[in-house]
>>> print(open('run-v8.tsv').read())   # TSV, C-alpha atoms and all ligand atoms
chain	number	residue	atom	x	y	z
A	1	MET	CA	-41.04	-12.38	-16.12
A	2	PHE	CA	-43.18	-12.79	-13.01
A	3	THR	CA	-44.22	-16.41	-12.73
A	4	LYS	CA	-46.37	-16.29	-9.60
A	5	LYS	CA	-50.12	-15.84	-9.32
A	6	THR	CA	-51.23	-12.38	-8.25
A	7	VAL	CA	-54.43	-11.08	-6.62
A	8	GLU	CA	-55.79	-10.75	-10.14
A	9	ASP	CA	-55.46	-14.50	-10.74
A	10	ILE	CA	-57.66	-15.58	-7.86
A	11	ASP	CA	-61.22	-14.94	-6.73
A	12	VAL	CA	-61.09	-12.43	-3.88
A	13	LYS	CA	-64.58	-10.99	-4.27
A	14	ARG	CA	-66.23	-10.78	-0.84
A	15	LYS	CA	-63.56	-13.13	0.55
A	16	LYS	CA	-61.61	-12.86	3.81
A	17	VAL	CA	-58.13	-11.95	2.57
A	18	LEU	CA	-55.07	-12.01	4.82
A	19	VAL	CA	-52.50	-9.57	3.46
A	20	ARG	CA	-48.87	-9.52	4.60
A	21	VAL	CA	-47.65	-5.94	4.20
A	22	ASP	CA	-44.36	-4.34	5.17
A	23	TYR	CA	-45.31	-1.49	7.48
A	24	ASN	CA	-41.91	-1.46	9.17
A	25	VAL	CA	-41.95	2.35	9.03
A	26	PRO	CA	-39.78	4.86	10.90
A	27	LEU	CA	-41.48	6.57	13.89
A	28	ASP	CA	-40.48	9.69	15.82
A	29	GLU	CA	-40.47	9.98	19.63
A	30	ASP	CA	-44.18	10.86	19.65
A	31	LEU	CA	-44.83	7.74	17.57
A	32	ASN	CA	-45.73	9.60	14.39
A	33	VAL	CA	-44.84	7.92	11.12
A	34	THR	CA	-41.97	9.99	9.70
A	35	ASP	CA	-41.91	8.30	6.31
A	36	ASN	CA	-45.05	6.63	4.97
A	37	THR	CA	-43.49	5.33	1.73
A	38	ARG	CA	-43.98	1.67	2.62
A	39	ILE	CA	-47.65	2.27	3.47
A	40	ARG	CA	-48.24	4.20	0.24
A	41	LEU	CA	-46.63	1.38	-1.73
A	42	SER	CA	-49.22	-1.08	-0.40
A	43	LEU	CA	-52.17	0.99	-1.65
A	44	ASP	CA	-52.47	-0.56	-5.11
A	45	THR	CA	-53.17	-3.95	-3.59
A	46	ILE	CA	-55.41	-2.59	-0.84
A	47	ASN	CA	-57.46	-0.48	-3.26
A	48	TYR	CA	-57.87	-3.46	-5.57
A	49	LEU	CA	-59.16	-5.57	-2.66
A	50	LEU	CA	-61.48	-2.74	-1.58
A	51	GLU	CA	-62.94	-2.65	-5.08
A	52	LYS	CA	-63.57	-6.38	-4.79
A	53	GLU	CA	-65.31	-5.80	-1.44
A	54	ALA	CA	-62.95	-8.20	0.30
A	55	LYS	CA	-62.60	-8.29	4.07
A	56	ILE	CA	-59.00	-7.08	4.30
A	57	ILE	CA	-56.96	-8.39	7.22
A	58	LEU	CA	-53.56	-6.69	7.32
A	59	MET	CA	-50.53	-8.04	9.16
A	60	SER	CA	-46.99	-6.66	9.46
A	61	HIS	CA	-43.94	-6.51	11.65
A	62	LEU	CA	-42.41	-3.30	13.00
A	63	GLY	CA	-38.95	-2.97	14.52
A	64	ARG	CA	-37.27	-5.70	16.55
A	65	PRO	CA	-39.41	-6.40	19.62
A	66	LYS	CA	-37.81	-9.84	20.03
A	67	GLY	CA	-40.96	-11.86	20.63
A	68	GLU	CA	-42.37	-9.58	23.35
A	69	VAL	CA	-44.97	-6.83	23.47
A	70	VAL	CA	-43.12	-3.50	23.24
A	71	ASP	CA	-45.40	-0.46	23.30
A	72	LYS	CA	-43.27	1.65	20.98
A	73	PHE	CA	-43.51	-1.01	18.28
A	74	LYS	CA	-47.32	-1.26	18.26
A	75	LEU	CA	-48.86	-0.83	14.84
A	76	ASP	CA	-51.39	1.89	15.78
A	77	PRO	CA	-49.43	4.71	14.07
A	78	ALA	CA	-49.31	2.68	10.85
A	79	ALA	CA	-53.06	2.02	11.06
A	80	LYS	CA	-53.74	5.74	11.53
A	81	GLU	CA	-51.51	6.60	8.58
A	82	LEU	CA	-53.34	4.10	6.42
A	83	GLU	CA	-56.67	5.66	7.46
A	84	LYS	CA	-55.36	9.04	6.27
A	85	LEU	CA	-54.21	7.60	2.96
A	86	THR	CA	-57.33	5.55	2.18
A	87	GLY	CA	-59.95	7.73	3.85
A	88	LYS	CA	-61.32	4.51	5.36
A	89	LYS	CA	-61.59	3.33	8.94
A	90	VAL	CA	-58.88	0.82	9.85
A	91	LYS	CA	-59.80	-1.24	12.90
A	92	LYS	CA	-56.57	-2.05	14.71
A	93	PHE	CA	-56.56	-4.97	17.16
A	94	ASP	CA	-54.34	-5.04	20.25
A	95	GLN	CA	-53.59	-8.70	19.72
A	96	ILE	CA	-52.31	-10.77	16.83
A	97	ILE	CA	-54.75	-13.63	17.09
A	98	SER	CA	-57.63	-14.43	19.44
A	99	GLU	CA	-61.09	-15.95	19.33
A	100	LYS	CA	-62.49	-12.42	19.57
A	101	ILE	CA	-60.61	-11.30	16.46
A	102	LYS	CA	-61.75	-14.36	14.54
A	103	ASP	CA	-65.32	-13.82	15.66
A	104	TYR	CA	-65.20	-10.15	14.71
A	105	ILE	CA	-63.93	-10.94	11.21
A	106	ASP	CA	-66.48	-13.70	10.68
A	107	ASN	CA	-69.53	-12.06	12.15
A	108	SER	CA	-69.18	-8.29	12.58
A	109	MET	CA	-66.78	-7.08	9.90
A	110	GLY	CA	-68.35	-5.71	6.72
A	111	PHE	CA	-67.21	-6.42	3.17
A	112	GLY	CA	-64.82	-3.79	1.85
A	113	GLU	CA	-63.55	-3.03	5.36
A	114	ILE	CA	-60.00	-3.12	6.74
A	115	VAL	CA	-58.65	-4.53	9.99
A	116	MET	CA	-55.05	-4.74	11.17
A	117	LEU	CA	-53.51	-7.30	13.52
A	118	GLU	CA	-50.91	-6.29	16.13
A	119	ASN	CA	-47.17	-6.45	15.34
A	120	LEU	CA	-46.40	-10.04	14.31
A	121	ARG	CA	-43.01	-9.98	16.00
A	122	PHE	CA	-44.63	-9.60	19.42
A	123	ASP	CA	-45.02	-13.39	19.14
A	124	PRO	CA	-41.82	-15.48	19.08
A	125	GLY	CA	-43.62	-17.84	16.67
A	126	GLU	CA	-43.34	-15.32	13.84
A	127	LYS	CA	-39.57	-15.44	13.40
A	128	LYS	CA	-39.39	-19.14	14.29
A	129	ASN	CA	-42.00	-19.92	11.64
A	130	ASN	CA	-43.94	-21.81	14.28
A	131	PRO	CA	-46.52	-24.00	12.47
A	132	ASP	CA	-49.24	-23.43	15.10
A	133	PHE	CA	-48.79	-19.67	14.92
A	134	ALA	CA	-48.88	-19.77	11.12
A	135	GLY	CA	-51.96	-22.03	11.23
A	136	SER	CA	-53.78	-19.63	13.58
A	137	LEU	CA	-53.03	-16.68	11.31
A	138	ALA	CA	-54.26	-18.63	8.31
A	139	SER	CA	-57.47	-19.63	10.14
A	140	LEU	CA	-58.60	-16.00	9.99
A	141	ALA	CA	-58.94	-15.97	6.20
A	142	GLU	CA	-59.72	-17.73	2.93
A	143	VAL	CA	-56.95	-16.27	0.76
A	144	TYR	CA	-53.38	-15.14	1.52
A	145	VAL	CA	-51.72	-12.27	-0.31
A	146	ASN	CA	-48.06	-11.41	0.22
A	147	ASP	CA	-47.21	-7.82	-0.66
A	148	ALA	CA	-44.30	-7.47	1.77
A	149	PHE	CA	-41.34	-7.51	-0.60
A	150	GLY	CA	-39.13	-6.13	2.19
A	151	ALA	CA	-39.72	-9.33	4.21
A	152	ALA	CA	-39.67	-11.82	1.31
A	153	HIS	CA	-36.16	-13.04	2.17
A	154	ARG	CA	-37.30	-14.18	5.62
A	155	ALA	CA	-38.84	-17.62	6.13
A	156	HIS	CA	-41.14	-16.37	8.89
A	157	ALA	CA	-44.63	-17.61	9.81
A	158	SER	CA	-46.48	-14.74	8.09
A	159	VAL	CA	-44.25	-15.02	5.00
A	160	THR	CA	-43.96	-18.75	4.32
A	161	GLY	CA	-45.86	-20.67	7.05
A	162	VAL	CA	-49.26	-19.15	6.26
A	163	ALA	CA	-48.85	-19.98	2.58
A	164	GLU	CA	-49.00	-23.69	3.41
A	165	HIS	CA	-52.59	-23.36	4.61
A	166	LEU	CA	-54.25	-21.01	2.14
A	167	PRO	CA	-54.29	-20.24	-1.58
A	168	ALA	CA	-51.24	-17.94	-1.68
A	169	VAL	CA	-50.71	-15.18	-4.23
A	170	SER	CA	-48.64	-12.04	-4.72
A	171	GLY	CA	-49.70	-8.43	-4.28
A	172	PHE	CA	-48.89	-5.74	-6.84
A	173	LEU	CA	-45.89	-4.31	-4.98
A	174	MET	CA	-44.20	-7.70	-4.69
A	175	GLN	CA	-44.83	-8.26	-8.39
A	176	LYS	CA	-43.40	-4.87	-9.40
A	177	GLU	CA	-40.28	-5.23	-7.23
A	178	VAL	CA	-39.48	-8.72	-8.47
A	179	ASP	CA	-40.23	-7.83	-12.09
A	180	THR	CA	-38.05	-4.72	-12.02
A	181	LEU	CA	-35.09	-6.29	-10.29
A	182	THR	CA	-35.07	-9.50	-12.31
A	183	SER	CA	-35.37	-7.69	-15.62
A	184	LEU	CA	-32.50	-5.46	-14.48
A	185	LEU	CA	-30.31	-8.54	-14.41
A	186	GLU	CA	-31.83	-10.33	-17.39
A	187	LYS	CA	-32.01	-7.60	-20.00
A	188	PRO	CA	-30.63	-4.24	-18.87
A	189	GLU	CA	-30.46	-1.37	-21.34
A	190	ARG	CA	-26.76	-0.73	-21.95
A	191	PRO	CA	-24.50	0.87	-20.89
A	192	PHE	CA	-25.39	-0.55	-17.46
A	193	VAL	CA	-23.62	1.19	-14.57
A	194	ALA	CA	-23.82	-0.07	-10.98
A	195	VAL	CA	-22.69	1.90	-7.93
A	196	LEU	CA	-22.08	0.14	-4.64
A	197	GLY	CA	-21.19	1.86	-1.40
A	198	GLY	CA	-21.62	1.28	2.32
A	199	SER	CA	-19.20	0.26	4.96
A	200	LYS	CA	-18.45	-3.40	4.35
A	201	VAL	CA	-17.25	-5.57	1.48
A	202	SER	CA	-18.34	-8.71	3.32
A	203	ASP	CA	-22.03	-7.71	3.08
A	204	LYS	CA	-21.84	-7.39	-0.67
A	205	ILE	CA	-19.57	-10.25	-1.71
A	206	GLN	CA	-22.09	-12.09	-3.85
A	207	VAL	CA	-23.62	-8.94	-5.28
A	208	ILE	CA	-20.25	-7.64	-6.50
A	209	GLN	CA	-19.50	-10.92	-8.22
A	210	LYS	CA	-22.96	-11.16	-9.77
A	211	LEU	CA	-22.85	-7.57	-11.01
A	212	LEU	CA	-19.43	-8.14	-12.58
A	213	GLU	CA	-21.13	-10.67	-14.86
A	214	LYS	CA	-23.78	-8.15	-15.90
A	215	VAL	CA	-22.61	-4.54	-15.88
A	216	ASP	CA	-20.49	-2.44	-18.22
A	217	THR	CA	-19.18	-0.28	-15.39
A	218	LEU	CA	-18.95	-1.00	-11.66
A	219	ILE	CA	-18.28	1.94	-9.35
A	220	LEU	CA	-17.28	1.31	-5.76
A	221	GLY	CA	-17.31	4.03	-3.11
A	222	GLY	CA	-17.73	4.35	0.64
A	223	GLY	CA	-16.03	2.28	3.29
A	224	MET	CA	-15.83	-0.86	1.16
A	225	SER	CA	-13.55	0.78	-1.40
A	226	TYR	CA	-10.57	0.86	0.98
A	227	THR	CA	-10.22	-2.92	1.04
A	228	PHE	CA	-9.92	-2.70	-2.75
A	229	PHE	CA	-7.37	0.13	-2.54
A	230	LYS	CA	-5.32	-1.92	-0.11
A	231	ALA	CA	-5.56	-4.93	-2.43
A	232	LYS	CA	-4.15	-2.70	-5.17
A	233	GLY	CA	-1.23	-1.74	-2.92
A	234	PHE	CA	-2.25	1.80	-1.87
A	235	GLU	CA	-1.61	3.26	1.59
A	236	ILE	CA	-5.07	3.71	3.16
A	237	GLY	CA	-4.10	5.08	6.60
A	238	ASN	CA	-6.75	4.36	9.24
A	239	SER	CA	-9.57	3.92	6.74
A	240	ILE	CA	-12.04	1.12	7.34
A	241	ARG	CA	-10.89	-2.11	5.72
A	242	GLU	CA	-11.44	-5.85	5.99
A	243	ASP	CA	-8.09	-7.58	5.78
A	244	ASP	CA	-9.72	-11.00	5.45
A	245	GLN	CA	-11.33	-9.82	2.22
A	246	LEU	CA	-8.13	-8.75	0.46
A	247	GLY	CA	-7.90	-11.99	-1.52
A	248	TYR	CA	-11.51	-11.64	-2.56
A	249	ALA	CA	-10.95	-8.04	-3.62
A	250	LYS	CA	-8.00	-9.08	-5.81
A	251	LYS	CA	-10.15	-11.81	-7.36
A	252	MET	CA	-12.89	-9.30	-8.17
A	253	LEU	CA	-10.42	-6.88	-9.75
A	254	ALA	CA	-9.16	-9.72	-11.95
A	255	LEU	CA	-12.72	-10.81	-12.79
A	256	ALA	CA	-13.57	-7.27	-13.90
A	257	GLU	CA	-10.63	-7.31	-16.27
A	258	LYS	CA	-11.56	-10.72	-17.62
A	259	ASN	CA	-15.18	-9.65	-18.18
A	260	ASN	CA	-14.18	-6.33	-19.71
A	261	VAL	CA	-15.95	-4.36	-17.00
A	262	ASP	CA	-14.74	-0.85	-16.16
A	263	PHE	CA	-14.07	-1.08	-12.43
A	264	LEU	CA	-13.99	2.47	-11.08
A	265	LEU	CA	-12.76	3.46	-7.63
A	266	PRO	CA	-12.57	7.05	-6.29
A	267	ILE	CA	-9.56	9.09	-7.39
A	268	ASP	CA	-9.68	11.57	-4.55
A	269	ILE	CA	-10.81	11.20	-0.98
A	270	VAL	CA	-11.99	13.42	1.87
A	271	VAL	CA	-9.94	12.24	4.81
A	272	ALA	CA	-10.58	12.90	8.50
A	273	LYS	CA	-8.21	12.88	11.44
A	274	GLU	CA	-10.64	10.85	13.50
A	275	TYR	CA	-14.01	9.16	13.18
A	276	ASP	CA	-15.97	12.17	14.39
A	277	LYS	CA	-18.60	14.42	12.86
A	278	ASP	CA	-16.53	17.53	13.61
A	279	SER	CA	-13.13	16.11	12.69
A	280	ASP	CA	-10.57	18.12	10.75
A	281	LYS	CA	-10.70	17.16	7.11
A	282	GLN	CA	-8.81	17.59	3.88
A	283	THR	CA	-9.14	16.32	0.34
A	284	VAL	CA	-6.25	14.25	-0.98
A	285	SER	CA	-5.56	12.14	-4.01
A	286	ILE	CA	-5.85	8.42	-3.51
A	287	GLN	CA	-2.07	8.10	-3.77
A	288	SER	CA	-1.54	10.32	-0.75
A	289	ILE	CA	-3.76	9.32	2.16
A	290	PRO	CA	-1.81	10.37	5.28
A	291	VAL	CA	-0.98	7.39	7.54
A	292	ASP	CA	-2.95	8.63	10.57
A	293	TRP	CA	-6.03	9.78	8.68
A	294	MET	CA	-9.08	7.93	7.36
A	295	GLY	CA	-11.19	8.32	4.25
A	296	LEU	CA	-14.80	9.25	5.03
A	297	ASP	CA	-16.07	10.63	1.71
A	298	ILE	CA	-15.18	10.86	-1.95
A	299	GLY	CA	-13.69	14.07	-3.36
A	300	THR	CA	-14.97	16.38	-6.12
A	301	LYS	CA	-12.81	14.80	-8.86
A	302	SER	CA	-14.35	11.42	-8.10
A	303	ILE	CA	-17.84	12.95	-8.13
A	304	GLU	CA	-17.09	14.37	-11.57
A	305	LEU	CA	-15.69	11.10	-12.86
A	306	PHE	CA	-18.66	9.08	-11.62
A	307	SER	CA	-21.25	11.62	-12.75
A	308	LYS	CA	-19.97	11.38	-16.32
A	309	GLN	CA	-20.81	7.68	-16.27
A	310	PHE	CA	-24.38	8.38	-15.21
A	311	SER	CA	-24.99	10.94	-17.94
A	312	SER	CA	-24.10	8.43	-20.66
A	313	ALA	CA	-25.65	5.33	-19.05
A	314	SER	CA	-28.94	3.70	-20.01
A	315	THR	CA	-29.35	1.82	-16.74
A	316	VAL	CA	-28.02	2.84	-13.33
A	317	PHE	CA	-28.32	0.73	-10.18
A	318	TRP	CA	-27.26	2.26	-6.86
A	319	ASN	CA	-26.98	0.70	-3.40
A	320	GLY	CA	-25.02	2.18	-0.50
A	321	PRO	CA	-23.75	5.65	0.45
A	322	VAL	CA	-20.29	6.66	-0.81
A	323	GLY	CA	-19.35	8.34	2.47
A	324	VAL	CA	-20.52	8.95	6.02
A	325	PHE	CA	-23.51	10.91	4.72
A	326	GLU	CA	-25.10	11.09	8.20
A	327	TRP	CA	-22.47	13.75	9.05
A	328	GLU	CA	-22.69	17.06	7.20
A	329	ARG	CA	-18.93	17.35	6.73
A	330	PHE	CA	-18.80	14.02	4.93
A	331	GLU	CA	-22.04	13.97	2.96
A	332	ASN	CA	-20.96	15.88	-0.13
A	333	GLY	CA	-20.12	12.79	-2.17
A	334	THR	CA	-23.35	10.94	-1.44
A	335	ARG	CA	-25.46	14.08	-2.03
A	336	ASN	CA	-23.84	14.77	-5.38
A	337	ILE	CA	-23.99	11.15	-6.51
A	338	ALA	CA	-27.68	11.08	-5.54
A	339	HIS	CA	-28.36	14.21	-7.61
A	340	ALA	CA	-26.32	12.98	-10.57
A	341	ILE	CA	-28.15	9.64	-10.68
A	342	ALA	CA	-31.53	11.32	-10.16
A	343	HIS	CA	-30.87	13.58	-13.15
A	344	SER	CA	-29.43	10.88	-15.39
A	345	PRO	CA	-31.49	10.07	-18.50
A	346	ALA	CA	-31.03	6.37	-17.66
A	347	VAL	CA	-33.49	3.99	-16.05
A	348	THR	CA	-32.46	4.42	-12.41
A	349	ILE	CA	-32.96	1.84	-9.69
A	350	VAL	CA	-32.00	2.44	-6.08
A	351	GLY	CA	-32.25	0.26	-3.01
A	352	GLY	CA	-31.01	-0.30	0.51
A	353	GLY	CA	-31.99	1.30	3.82
A	354	ASP	CA	-29.17	3.85	3.96
A	355	THR	CA	-29.55	4.79	0.31
A	356	LEU	CA	-33.25	5.41	0.80
A	357	ALA	CA	-32.50	7.52	3.88
A	358	ALA	CA	-30.03	9.53	1.79
A	359	ILE	CA	-32.39	10.23	-1.11
A	360	ARG	CA	-35.11	11.17	1.35
A	361	LYS	CA	-32.72	13.58	3.05
A	362	TYR	CA	-31.98	15.26	-0.28
A	363	GLY	CA	-35.66	15.37	-1.36
A	364	LEU	CA	-35.03	13.08	-4.34
A	365	SER	CA	-37.24	10.11	-3.47
A	366	ASP	CA	-39.54	10.56	-6.47
A	367	LYS	CA	-36.73	11.22	-8.95
A	368	PHE	CA	-35.77	7.61	-9.71
A	369	SER	CA	-37.42	5.07	-12.00
A	370	HIS	CA	-37.68	2.53	-9.21
A	371	VAL	CA	-36.98	2.83	-5.50
A	372	SER	CA	-36.88	-0.63	-3.99
A	373	SER	CA	-38.74	-0.97	-0.70
A	374	GLY	CA	-36.64	-3.95	0.39
A	375	GLY	CA	-32.93	-3.59	1.12
A	376	GLY	CA	-32.08	-7.16	2.11
A	377	ALA	CA	-34.60	-8.75	-0.24
A	378	SER	CA	-33.37	-6.76	-3.25
A	379	MET	CA	-29.76	-7.74	-2.53
A	380	GLU	CA	-30.66	-11.43	-2.25
A	381	LEU	CA	-32.63	-11.27	-5.47
A	382	LEU	CA	-29.67	-9.67	-7.24
A	383	GLU	CA	-27.38	-12.34	-5.81
A	384	GLY	CA	-29.56	-14.87	-7.61
A	385	LYS	CA	-30.95	-16.40	-4.42
A	386	GLU	CA	-34.47	-17.71	-4.16
A	387	LEU	CA	-36.64	-15.59	-1.85
A	388	PRO	CA	-38.60	-17.92	0.49
A	389	GLY	CA	-41.58	-15.54	0.50
A	390	LEU	CA	-41.76	-15.65	-3.27
A	391	ALA	CA	-41.14	-19.40	-3.55
A	392	ALA	CA	-44.09	-20.00	-1.20
A	393	LEU	CA	-46.58	-18.41	-3.61
A	394	GLU	CA	-48.54	-20.34	-6.24
A	395	ASP	CA	-47.13	-20.56	-9.74
A	396	LYS	CA	-49.19	-19.20	-12.63
B	401	LIG	P1	-23.85	-0.44	5.11
B	401	LIG	O1	-24.55	-0.63	6.42
B	401	LIG	O2	-22.75	-1.41	4.86
B	401	LIG	O3	-24.80	-0.29	3.94
B	401	LIG	O4	-23.10	0.92	5.21
B	401	LIG	C1	-23.75	2.13	5.42
B	401	LIG	C2	-22.90	2.96	6.29
B	401	LIG	O5	-21.61	3.06	5.71
B	401	LIG	C3	-23.40	4.36	6.44
B	401	LIG	O6	-23.93	4.50	7.72
B	401	LIG	C4	-22.14	5.21	6.26
B	401	LIG	O7	-21.97	6.10	7.33
B	401	LIG	C5	-21.02	4.20	6.27
B	401	LIG	N1	-19.87	4.61	5.47
B	401	LIG	C6	-19.85	5.04	4.21
B	401	LIG	N2	-18.59	5.38	3.84
B	401	LIG	C7	-17.80	5.15	4.89
B	401	LIG	C8	-16.41	5.31	5.12
B	401	LIG	N3	-15.60	5.78	4.19
B	401	LIG	N4	-15.93	4.97	6.32
B	401	LIG	C9	-16.76	4.49	7.27
B	401	LIG	N5	-18.07	4.31	7.11
B	401	LIG	C10	-18.60	4.65	5.94
>>> encode(input="run-v8.tsv", output="structure tokens", more="lines below")
Ligand code: AMP
Amino acid sequence: MFTKKTVEDIDVKRKKVLVRVDYNVPLDEDLNVTDNTRIRLSLDTINYLLEKEAKIILMSHLGRPKGEVVDKFKLDPAAKELEKLTGKKVKKFDQIISEKIKDYIDNSMGFGEIVMLENLRFDPGEKKNNPDFAGSLASLAEVYVNDAFGAAHRAHASVTGVAEHLPAVSGFLMQKEVDTLTSLLEKPERPFVAVLGGSKVSDKIQVIQKLLEKVDTLILGGGMSYTFFKAKGFEIGNSIREDDQLGYAKKMLALAEKNNVDFLLPIDIVVAKEYDKDSDKQTVSIQSIPVDWMGLDIGTKSIELFSKQFSSASTVFWNGPVGVFEWERFENGTRNIAHAIAHSPAVTIVGGGDTLAAIRKYGLSDKFSHVSSGGGASMELLEGKELPGLAALEDK
């Protein structure tokens, strides 16, 4: 259950409301927004505030400008996209804070209007959670709303610092993300199947352990599976592996057995001669990876095996591609897994930057019950960690 106050629990009518959104959207070379999902996801909160005739002051980060002004990371494309989506003028400032901005908000801005500050990360104070920077941001408004789930795991000025100065509540997206992901862990419909992929075991250590306490079936694919194969004594050739995680992998295999979790690894593998998009490839069983080759995708038998799990599951959680899906020759596994999960009758929850890129690529973005907008934040929530951005908000 969500225990924090939301915009509905506080008086925002005709108030100056500072809203932290996550408009860290992908841009093309001409600075057009190529995927406006994150902006669309903020609309519930923005529309609610518009109804209440609030003065809406939006703030976000974009990219990694490292505390300096970098033209390609300016927020103008996001402001334009928001104008398209709301049909309302969005006044975008070229600075983050200034007397002029404050004066405009206090004296010229109308109720039910939207302004947007410049990229927060142009100021080094954002990431350092500088108290003066946070105080200046807060001085622009009367209420603070955090709807940036994707940044909730960062103790930055606009995420935690500001909340010390203003009544601080959650937006609707933050509420939905936290509600969905916590109830996934607290009371999942069973059978509960989780699929983890991606390149590294070390990134997902705590998640694997946590999921082994919760799921009925854990499927591992992608680069991280080879450390597990090696731990089981298989020859993995030149496949990516983390030798310092072998002990951990053995521990997890034992934990799965103890907890009665079906721990599924691929049974066949698409191997490549070299790490190259045009490399020679062949499909082999997991017992026969040639010594000089490396596994870059899962084979059709594995796809079949995993897909069966999705068709009989009631909850499916997926994070991480099961192969190098960026390369056409090695995307078959990830594409098929994406389709199989999308068409499963289960409640389906997906998250993670690469996973979102994959489902977008295959035109499946709207085919899941919940697509989490925050990769890092969703992982930390699943690991059972407290998100600083959430902790900073007022309790109900
Ligand atoms: P991560 O950043 O850990 O979520 O991993 C995502 C990346 O893992 C993607 O860019 C994939 O290309 C990569 N990946 C998936 N499977 C493999 C594999 N078998 N070998 C090497 N890289 C892989």
>>> atom_distance(input="run-v8.tsv", atom1="atom CA of Asn24 of chain A", atom2="atom CA of Asp106 of chain A")
27.5 Å
>>> residues_around(input="run-v8.tsv", residues="segment 119-129 of chain A", least_positions_apart="2", cutoff="12 Å", atoms="only C-alpha atoms", output="ChimeraX atom specification")
/A:20-24,58-79,92-97,116-117,131-137,151,153-164,388-389
>>> closest_atom_pairs(input="run-v8.tsv", of="chain A", to="ligand LIG 401 (chain B)", cutoff="7 Å", atoms="all atoms listed in the file", output="JSON lines")
{"residue": "A:Gly197", "atom": "CA", "partner": "B:LIG401", "partner_atom": "C6", "distance": 6.6}
{"residue": "A:Gly198", "atom": "CA", "partner": "B:LIG401", "partner_atom": "O4", "distance": 3.3}
{"residue": "A:Ser199", "atom": "CA", "partner": "B:LIG401", "partner_atom": "O5", "distance": 3.8}
{"residue": "A:Lys200", "atom": "CA", "partner": "B:LIG401", "partner_atom": "O2", "distance": 4.8}
{"residue": "A:Asp203", "atom": "CA", "partner": "B:LIG401", "partner_atom": "O2", "distance": 6.6}
{"residue": "A:Gly222", "atom": "CA", "partner": "B:LIG401", "partner_atom": "N2", "distance": 3.5}
{"residue": "A:Gly223", "atom": "CA", "partner": "B:LIG401", "partner_atom": "C8", "distance": 3.6}
{"residue": "A:Ser239", "atom": "CA", "partner": "B:LIG401", "partner_atom": "N4", "distance": 6.5}
{"residue": "A:Ile240", "atom": "CA", "partner": "B:LIG401", "partner_atom": "N4", "distance": 5.6}
{"residue": "A:Gly295", "atom": "CA", "partner": "B:LIG401", "partner_atom": "N3", "distance": 5.1}
{"residue": "A:Leu296", "atom": "CA", "partner": "B:LIG401", "partner_atom": "N3", "distance": 3.7}
{"residue": "A:Asp297", "atom": "CA", "partner": "B:LIG401", "partner_atom": "N3", "distance": 5.5}
{"residue": "A:Gly320", "atom": "CA", "partner": "B:LIG401", "partner_atom": "O3", "distance": 5.1}
{"residue": "A:Pro321", "atom": "CA", "partner": "B:LIG401", "partner_atom": "C6", "distance": 5.5}
{"residue": "A:Val322", "atom": "CA", "partner": "B:LIG401", "partner_atom": "N2", "distance": 5.1}
{"residue": "A:Gly323", "atom": "CA", "partner": "B:LIG401", "partner_atom": "N2", "distance": 3.3}
{"residue": "A:Val324", "atom": "CA", "partner": "B:LIG401", "partner_atom": "O7", "distance": 3.5}
{"residue": "A:Phe325", "atom": "CA", "partner": "B:LIG401", "partner_atom": "O7", "distance": 5.7}
{"residue": "A:Glu326", "atom": "CA", "partner": "B:LIG401", "partner_atom": "O7", "distance": 6.0}
{"residue": "A:Asp354", "atom": "CA", "partner": "B:LIG401", "partner_atom": "C1", "distance": 5.9}
>>> closest_residue(input="run-v8.tsv", among="A:Gln245, A:Glu235, A:Ser139, A:Thr217", to="Phe263 of chain A", atoms="all atoms listed in the file")
A:Thr217
>>> closest_atom_pairs(input="run-v8.tsv", of="segment 285-344 of chain A", to="segment 367-375 of chain A", cutoff="12 Å", atoms="all atoms listed in the file", output="JSON lines")
{"residue": "A:Ser314", "atom": "CA", "partner": "A:Ser369", "partner_atom": "CA", "distance": 11.7}
{"residue": "A:Thr315", "atom": "CA", "partner": "A:Ser369", "partner_atom": "CA", "distance": 9.9}
{"residue": "A:Val316", "atom": "CA", "partner": "A:Ser369", "partner_atom": "CA", "distance": 9.8}
{"residue": "A:Phe317", "atom": "CA", "partner": "A:His370", "partner_atom": "CA", "distance": 9.6}
{"residue": "A:Trp318", "atom": "CA", "partner": "A:Val371", "partner_atom": "CA", "distance": 9.8}
{"residue": "A:Asn319", "atom": "CA", "partner": "A:Gly375", "partner_atom": "CA", "distance": 8.6}
{"residue": "A:Gly320", "atom": "CA", "partner": "A:Gly375", "partner_atom": "CA", "distance": 9.9}
{"residue": "A:Ala338", "atom": "CA", "partner": "A:Lys367", "partner_atom": "CA", "distance": 9.7}
{"residue": "A:His339", "atom": "CA", "partner": "A:Lys367", "partner_atom": "CA", "distance": 9.0}
{"residue": "A:Ala340", "atom": "CA", "partner": "A:Lys367", "partner_atom": "CA", "distance": 10.7}
{"residue": "A:Ile341", "atom": "CA", "partner": "A:Phe368", "partner_atom": "CA", "distance": 7.9}
{"residue": "A:Ala342", "atom": "CA", "partner": "A:Lys367", "partner_atom": "CA", "distance": 5.3}
{"residue": "A:His343", "atom": "CA", "partner": "A:Lys367", "partner_atom": "CA", "distance": 7.6}
{"residue": "A:Ser344", "atom": "CA", "partner": "A:Phe368", "partner_atom": "CA", "distance": 9.1}
>>> atom_distance(input="run-v8.tsv", atom1="atom CA of Lys273 of chain A", atom2="atom CA of Trp293 of chain A")
4.7 Å
>>> atom_distance(input="run-v8.tsv", atom1="atom CA of Glu386 of chain A", atom2="atom CA of Leu140 of chain A")
28.0 Å
>>> closest_residue(input="run-v8.tsv", among="A:Val261, A:Lys214, A:Lys55, A:Ala256", to="Lys13 of chain A", atoms="only C-alpha atoms")
A:Lys55
